[in-house]
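Engineer: For reference, the structure I am asking about is given below.
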Amino acid sequence: AGRASDHIFLWSSETFDFPSWQQHIHASIFLSVEAQPIECSDFDFFSEETASNFGASCWHCPWCISPWKDVIIPGFVEKWSLGKMGAVEKPFVERRYTACYHGADSDHLAIYKYANTTARNDLQMLRELPNVSIGYRFGKITEYFERLGDCHFCFAPKGLGYWSNRLYEVLFAGCIPVLLSDEIGLPFDDFLDWTSFSLKWPMDQVGPE
């Protein structure tokens, strides 16, 4: 057997939270949601007080994934959420909103100041446009699901990583995703034509003009 089949690792976030992963990279198959995982020399950035450590000690790692053996996979949306979204999803002709986005930005999470998430802040400038629903997080996740099911297009900006699980939530809600992540790696793009069911827009062109 080839050396790349000794182990299979499943990475469900943008970071490889397994300290010795580099010892296994050449002898393993990685299944990852992030095509350029975040590598950090210091992982003390999970509080508002230490968020600046993210910018100082973390970077995207293009060599951490080897396309010849590793696979980019979709994020996980649990069955409970799928059921709730399916229950409130409206037919396309009955949806009230052209475009939607509700989420946090650097005004709410300090770490986003250091992760190039400007598109999230820029989206908030569109909230006064007609037929859009743009704002911050809903108090209840079920309210968020209901809004997704009432939209035609749903913005999916990058989070800490280039990927975001929001992409898969909006797909399951029957909303057309608008990707706002310039370097995102999409799953199964060797045989899935993502341009046939999603849009991608440059991050530096998000705004009212």
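Quick note on naming: the chains in the structure tokens go A, B, ... in the order shown, residues restart at 1 in each chain, and ligands are numbered from 1 in order of appearance.
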Set the distance at 6 Å and use only C-alpha atoms: which residues neighbour Ile134 (chain A) once local chain neighbours fewer than 5 positions away are removed? I'd like the list as a PDB file with N, CA and C atoms, in the first residue's frame.
Structural biologist:
ATOM      1  N   CYS A 100     -29.992  38.068   1.383  1.00  0.00           N
ATOM      2  CA  CYS A 100     -29.998  38.039   2.839  1.00  0.00           C
ATOM      3  C   CYS A 100     -28.601  37.763   3.392  1.00  0.00           C
ATOM      4  N   TYR A 101     -28.357  38.321   4.563  1.00  0.00           N
ATOM      5  CA  TYR A 101     -27.181  37.973   5.365  1.00  0.00           C
ATOM      6  C   TYR A 101     -27.419  38.423   6.797  1.00  0.00           C
ATOM      7  N   HIS A 102     -27.219  37.529   7.727  1.00  0.00           N
ATOM      8  CA  HIS A 102     -27.279  37.870   9.146  1.00  0.00           C
ATOM      9  C   HIS A 102     -26.135  37.152   9.847  1.00  0.00           C
ATOM     10  N   ARG A 127     -27.792  47.212   4.249  1.00  0.00           N
ATOM     11  CA  ARG A 127     -29.022  46.842   4.957  1.00  0.00           C
ATOM     12  C   ARG A 127     -30.217  47.719   4.611  1.00  0.00           C
TER      13      ARG A 127
END
Engineer: Which distance in Å separates CA of Val132 (chain A) and CA of Ala99 (chain A), to one decimal?
Structural biologist: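 We find that CA of Val132 (chain A) and CA of Ala99 (chain A) lie 4.9 Å from each other.
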Engineer: Do a neighbour search on region 155-166 of chain A at 6 Å with only C-alpha atoms, toss out local chain neighbours closer than 5 positions, and write the hits as a list in words.
Structural biologist: Glu14, Glu34, Gly75, Tyr101, Ala115, Pro177, Val178, Leu179, Leu180, Ser181 and Ile184 of chain A
Engineer: Going by DSSP on the backbone, which bits of region 18-127 of chain A are helix (DSSP H, G or I)? Write them as a PyMOL selection string, please.
Structural biologist: chain A and resi 21-23+25-27+52-57+62-64+79-88+92-94+110-114+118-126
Engineer: With distances taken over only C-alpha atoms, which residue among A:Phe153, A:Phe54, A:Tyr144, A:Trp68 lies nearest Lys113 (chain A)?
Structural biologist: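 Among the listed residues, A:Phe54 lies closest to Lys113 (chain A).
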Engineer: Just want the 9 Å neighbourhood of Gln124 (chain A), counted on only C-alpha atoms, with same-chain residues fewer than 2 positions away dropped. Output as a PyMOL selection string.
Structural biologist: chain A and resi 101-102+105+119-122+126-128+134-136+207
Engineer: Can you list, as JSON, numbers by chain, every residue of region 80-189 of chain A that DSSP puts in strand (DSSP E)?
Structural biologist: {"A": [97, 98, 99, 100, 101, 102, 132, 133, 134, 135, 151, 152, 153, 154, 155, 156, 157, 176, 177, 178, 179, 180]}
Engineer: Convert the current residue selection to file output with N, CA and C atoms, as a CSV table (one decimal), in the first residue's frame.
Structural biologist:
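Just written: result.csv:
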chain,number,residue,atom,x,y,z
A,97,TYR,N,-37.5,38.2,-0.1
A,97,TYR,CA,-36.3,38.9,-0.1
A,97,TYR,C,-35.4,38.5,-1.3
A,98,THR,N,-34.8,39.5,-1.9
A,98,THR,CA,-33.8,39.2,-3.0
A,98,THR,C,-32.5,38.6,-2.4
A,99,ALA,N,-32.0,39.3,-1.4
A,99,ALA,CA,-30.7,38.8,-0.8
A,99,ALA,C,-30.7,39.0,0.7
A,100,CYS,N,-30.0,38.1,1.4
A,100,CYS,CA,-30.0,38.0,2.8
A,100,CYS,C,-28.6,37.8,3.4
A,101,TYR,N,-28.4,38.3,4.6
A,101,TYR,CA,-27.2,38.0,5.4
A,101,TYR,C,-27.4,38.4,6.8
A,102,HIS,N,-27.2,37.5,7.7
A,102,HIS,CA,-27.3,37.9,9.1
A,102,HIS,C,-26.1,37.2,9.8
A,132,VAL,N,-34.0,43.5,0.8
A,132,VAL,CA,-32.9,42.7,1.4
A,132,VAL,C,-33.2,42.5,2.9
A,133,SER,N,-32.6,41.5,3.4
A,133,SER,CA,-32.6,41.3,4.9
A,133,SER,C,-31.2,41.1,5.3
A,134,ILE,N,-30.6,42.2,5.8
A,134,ILE,CA,-29.2,42.2,6.2
A,134,ILE,C,-29.1,42.8,7.6
A,135,GLY,N,-28.4,42.1,8.5
A,135,GLY,CA,-28.2,42.6,9.8
A,135,GLY,C,-27.3,41.6,10.6
A,151,CYS,N,-35.5,33.8,1.3
A,151,CYS,CA,-34.5,34.6,0.4
A,151,CYS,C,-34.2,33.9,-0.9
A,152,HIS,N,-33.9,34.6,-1.9
A,152,HIS,CA,-33.4,34.1,-3.2
A,152,HIS,C,-31.9,33.9,-3.2
A,153,PHE,N,-31.2,34.9,-2.8
A,153,PHE,CA,-29.7,34.8,-2.7
A,153,PHE,C,-29.3,35.1,-1.3
A,154,CYS,N,-28.3,34.3,-0.8
A,154,CYS,CA,-27.8,34.4,0.5
A,154,CYS,C,-26.2,34.6,0.5
A,155,PHE,N,-25.8,35.7,1.1
A,155,PHE,CA,-24.3,35.9,1.1
A,155,PHE,C,-23.6,34.9,2.0
A,156,ALA,N,-22.5,34.4,1.6
A,156,ALA,CA,-21.7,33.5,2.4
A,156,ALA,C,-20.3,34.0,2.5
A,157,PRO,N,-20.0,35.0,3.4
A,157,PRO,CA,-18.7,35.6,3.5
A,157,PRO,C,-17.7,34.6,4.2
A,176,ILE,N,-29.7,30.5,-3.1
A,176,ILE,CA,-28.6,30.5,-3.9
A,176,ILE,C,-27.4,31.2,-3.2
A,177,PRO,N,-26.3,30.5,-3.0
A,177,PRO,CA,-25.2,31.2,-2.2
A,177,PRO,C,-24.4,32.1,-3.1
A,178,VAL,N,-24.1,33.3,-2.5
A,178,VAL,CA,-23.2,34.2,-3.1
A,178,VAL,C,-21.9,34.2,-2.3
A,179,LEU,N,-20.8,33.6,-2.8
A,179,LEU,CA,-19.6,33.4,-2.1
A,179,LEU,C,-18.8,34.7,-2.0
A,180,LEU,N,-18.4,35.1,-0.8
A,180,LEU,CA,-17.6,36.2,-0.6
A,180,LEU,C,-16.3,35.8,0.1
Engineer: Hey, which of A:Gly185, A:Gly149, A:Pro202, A:Pro208 ends up closest to Arg95 (chain A)? Count only C-alpha atoms.
Structural biologist: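 Smallest distance to Arg95 (chain A) is found for A:Gly149.
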Engineer: For a test of reading the model, state the distance in Å between CA of Val77 (chain A) and CA of Ala173 (chain A), rounded to one decimal.
Structural biologist: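 These two atoms are separated by 11.1 Å.
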Engineer: Excluding Asp17 (chain A) and its own-chain neighbours fewer than 5 positions away, which residues fall within 10 Å of it when counting only C-alpha atoms? Please give them as a VMD selection string.
Structural biologist: chain A and resid 11 to 12 38 to 40 43
Engineer: Please measure the separation of CA of Thr117 (chain A) and CA of Pro130 (chain A), giving the value in Å to one decimal.
Structural biologist: 24.4 Å
Engineer: Pick out the closest residue to His24 (chain A) from this set: A:His108, A:Arg96, A:Lys69, A:His7. Count only C-alpha atoms.
Structural biologist: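 Of A:His108, A:Arg96, A:Lys69, A:His7, the one nearest His24 (chain A), counting only C-alpha atoms, is A:His7.
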Engineer: Using only C-alpha atoms, which residues sit within 12 Å of Glu48 (chain A) once same-chain residues fewer than 2 positions away are excluded, as a PDB file with N, CA, C and O atoms, in the first residue's frame?
Structural biologist:
ATOM      1  N   ASP A  44      -3.599  30.756  21.529  1.00  0.00           N
ATOM      2  CA  ASP A  44      -4.270  31.541  22.560  1.00  0.00           C
ATOM      3  C   ASP A  44      -4.929  32.770  21.940  1.00  0.00           C
ATOM      4  O   ASP A  44      -4.494  33.897  22.112  1.00  0.00           O
ATOM      5  N   PHE A  45      -5.994  32.532  21.164  1.00  0.00           N
ATOM      6  CA  PHE A  45      -6.695  33.657  20.536  1.00  0.00           C
ATOM      7  C   PHE A  45      -8.211  33.481  20.613  1.00  0.00           C
ATOM      8  O   PHE A  45      -8.950  34.144  19.888  1.00  0.00           O
ATOM      9  N   PHE A  46      -8.676  32.613  21.496  1.00  0.00           N
ATOM     10  CA  PHE A  46     -10.094  32.285  21.524  1.00  0.00           C
ATOM     11  C   PHE A  46     -10.918  33.173  22.447  1.00  0.00           C
ATOM     12  O   PHE A  46     -12.084  32.916  22.668  1.00  0.00           O
ATOM     13  N   THR A  50      -7.541  38.159  23.888  1.00  0.00           N
ATOM     14  CA  THR A  50      -6.332  37.666  23.223  1.00  0.00           C
ATOM     15  C   THR A  50      -6.504  37.547  21.707  1.00  0.00           C
ATOM     16  O   THR A  50      -5.690  36.926  21.040  1.00  0.00           O
ATOM     17  N   ALA A  51      -7.557  38.148  21.159  1.00  0.00           N
ATOM     18  CA  ALA A  51      -7.852  37.993  19.727  1.00  0.00           C
ATOM     19  C   ALA A  51      -6.714  38.488  18.840  1.00  0.00           C
ATOM     20  O   ALA A  51      -6.491  37.955  17.745  1.00  0.00           O
ATOM     21  N   SER A  52      -5.968  39.495  19.292  1.00  0.00           N
ATOM     22  CA  SER A  52      -4.877  40.025  18.466  1.00  0.00           C
ATOM     23  C   SER A  52      -3.795  38.983  18.211  1.00  0.00           C
ATOM     24  O   SER A  52      -3.024  39.104  17.254  1.00  0.00           O
ATOM     25  N   ASN A  53      -3.730  37.939  19.039  1.00  0.00           N
ATOM     26  CA  ASN A  53      -2.753  36.880  18.831  1.00  0.00           C
ATOM     27  C   ASN A  53      -2.986  36.139  17.522  1.00  0.00           C
ATOM     28  O   ASN A  53      -2.063  35.570  16.950  1.00  0.00           O
ATOM     29  N   PHE A  54      -4.240  36.143  17.052  1.00  0.00           N
ATOM     30  CA  PHE A  54      -4.545  35.452  15.798  1.00  0.00           C
ATOM     31  C   PHE A  54      -3.770  36.085  14.641  1.00  0.00           C
ATOM     32  O   PHE A  54      -3.142  35.395  13.842  1.00  0.00           O
ATOM     33  N   SER A 106     -16.464  42.243  12.663  1.00  0.00           N
ATOM     34  CA  SER A 106     -15.418  42.633  13.613  1.00  0.00           C
ATOM     35  C   SER A 106     -15.924  43.583  14.692  1.00  0.00           C
ATOM     36  O   SER A 106     -15.240  43.786  15.696  1.00  0.00           O
ATOM     37  N   ASP A 107     -17.110  44.171  14.502  1.00  0.00           N
ATOM     38  CA  ASP A 107     -17.688  44.998  15.555  1.00  0.00           C
ATOM     39  C   ASP A 107     -18.236  44.147  16.699  1.00  0.00           C
ATOM     40  O   ASP A 107     -18.485  44.659  17.797  1.00  0.00           O
ATOM     41  N   HIS A 108     -18.459  42.863  16.432  1.00  0.00           N
ATOM     42  CA  HIS A 108     -19.029  41.972  17.430  1.00  0.00           C
ATOM     43  C   HIS A 108     -18.050  40.913  17.920  1.00  0.00           C
ATOM     44  O   HIS A 108     -18.151  40.455  19.061  1.00  0.00           O
ATOM     45  N   LEU A 109     -17.133  40.491  17.061  1.00  0.00           N
ATOM     46  CA  LEU A 109     -16.120  39.511  17.439  1.00  0.00           C
ATOM     47  C   LEU A 109     -14.749  40.084  17.111  1.00  0.00           C
ATOM     48  O   LEU A 109     -14.418  40.272  15.939  1.00  0.00           O
ATOM     49  N   ALA A 110     -13.970  40.353  18.126  1.00  0.00           N
ATOM     50  CA  ALA A 110     -12.682  41.022  17.923  1.00  0.00           C
ATOM     51  C   ALA A 110     -11.759  40.242  17.008  1.00  0.00           C
ATOM     52  O   ALA A 110     -10.979  40.832  16.244  1.00  0.00           O
ATOM     53  N   ILE A 111     -11.844  38.914  17.027  1.00  0.00           N
ATOM     54  CA  ILE A 111     -10.925  38.112  16.225  1.00  0.00           C
ATOM     55  C   ILE A 111     -11.084  38.375  14.730  1.00  0.00           C
ATOM     56  O   ILE A 111     -10.149  38.228  13.956  1.00  0.00           O
ATOM     57  N   TYR A 112     -12.290  38.803  14.311  1.00  0.00           N
ATOM     58  CA  TYR A 112     -12.513  39.078  12.896  1.00  0.00           C
ATOM     59  C   TYR A 112     -11.712  40.281  12.405  1.00  0.00           C
ATOM     60  O   TYR A 112     -11.547  40.471  11.201  1.00  0.00           O
ATOM     61  N   LYS A 113     -11.232  41.114  13.310  1.00  0.00           N
ATOM     62  CA  LYS A 113     -10.385  42.233  12.908  1.00  0.00           C
ATOM     63  C   LYS A 113      -9.059  41.757  12.324  1.00  0.00           C
ATOM     64  O   LYS A 113      -8.394  42.485  11.590  1.00  0.00           O
ATOM     65  N   TYR A 114      -8.671  40.539  12.655  1.00  0.00           N
ATOM     66  CA  TYR A 114      -7.357  40.022  12.281  1.00  0.00           C
ATOM     67  C   TYR A 114      -7.437  38.882  11.274  1.00  0.00           C
ATOM     68  O   TYR A 114      -6.440  38.241  10.981  1.00  0.00           O
TER      69      TYR A 114
END
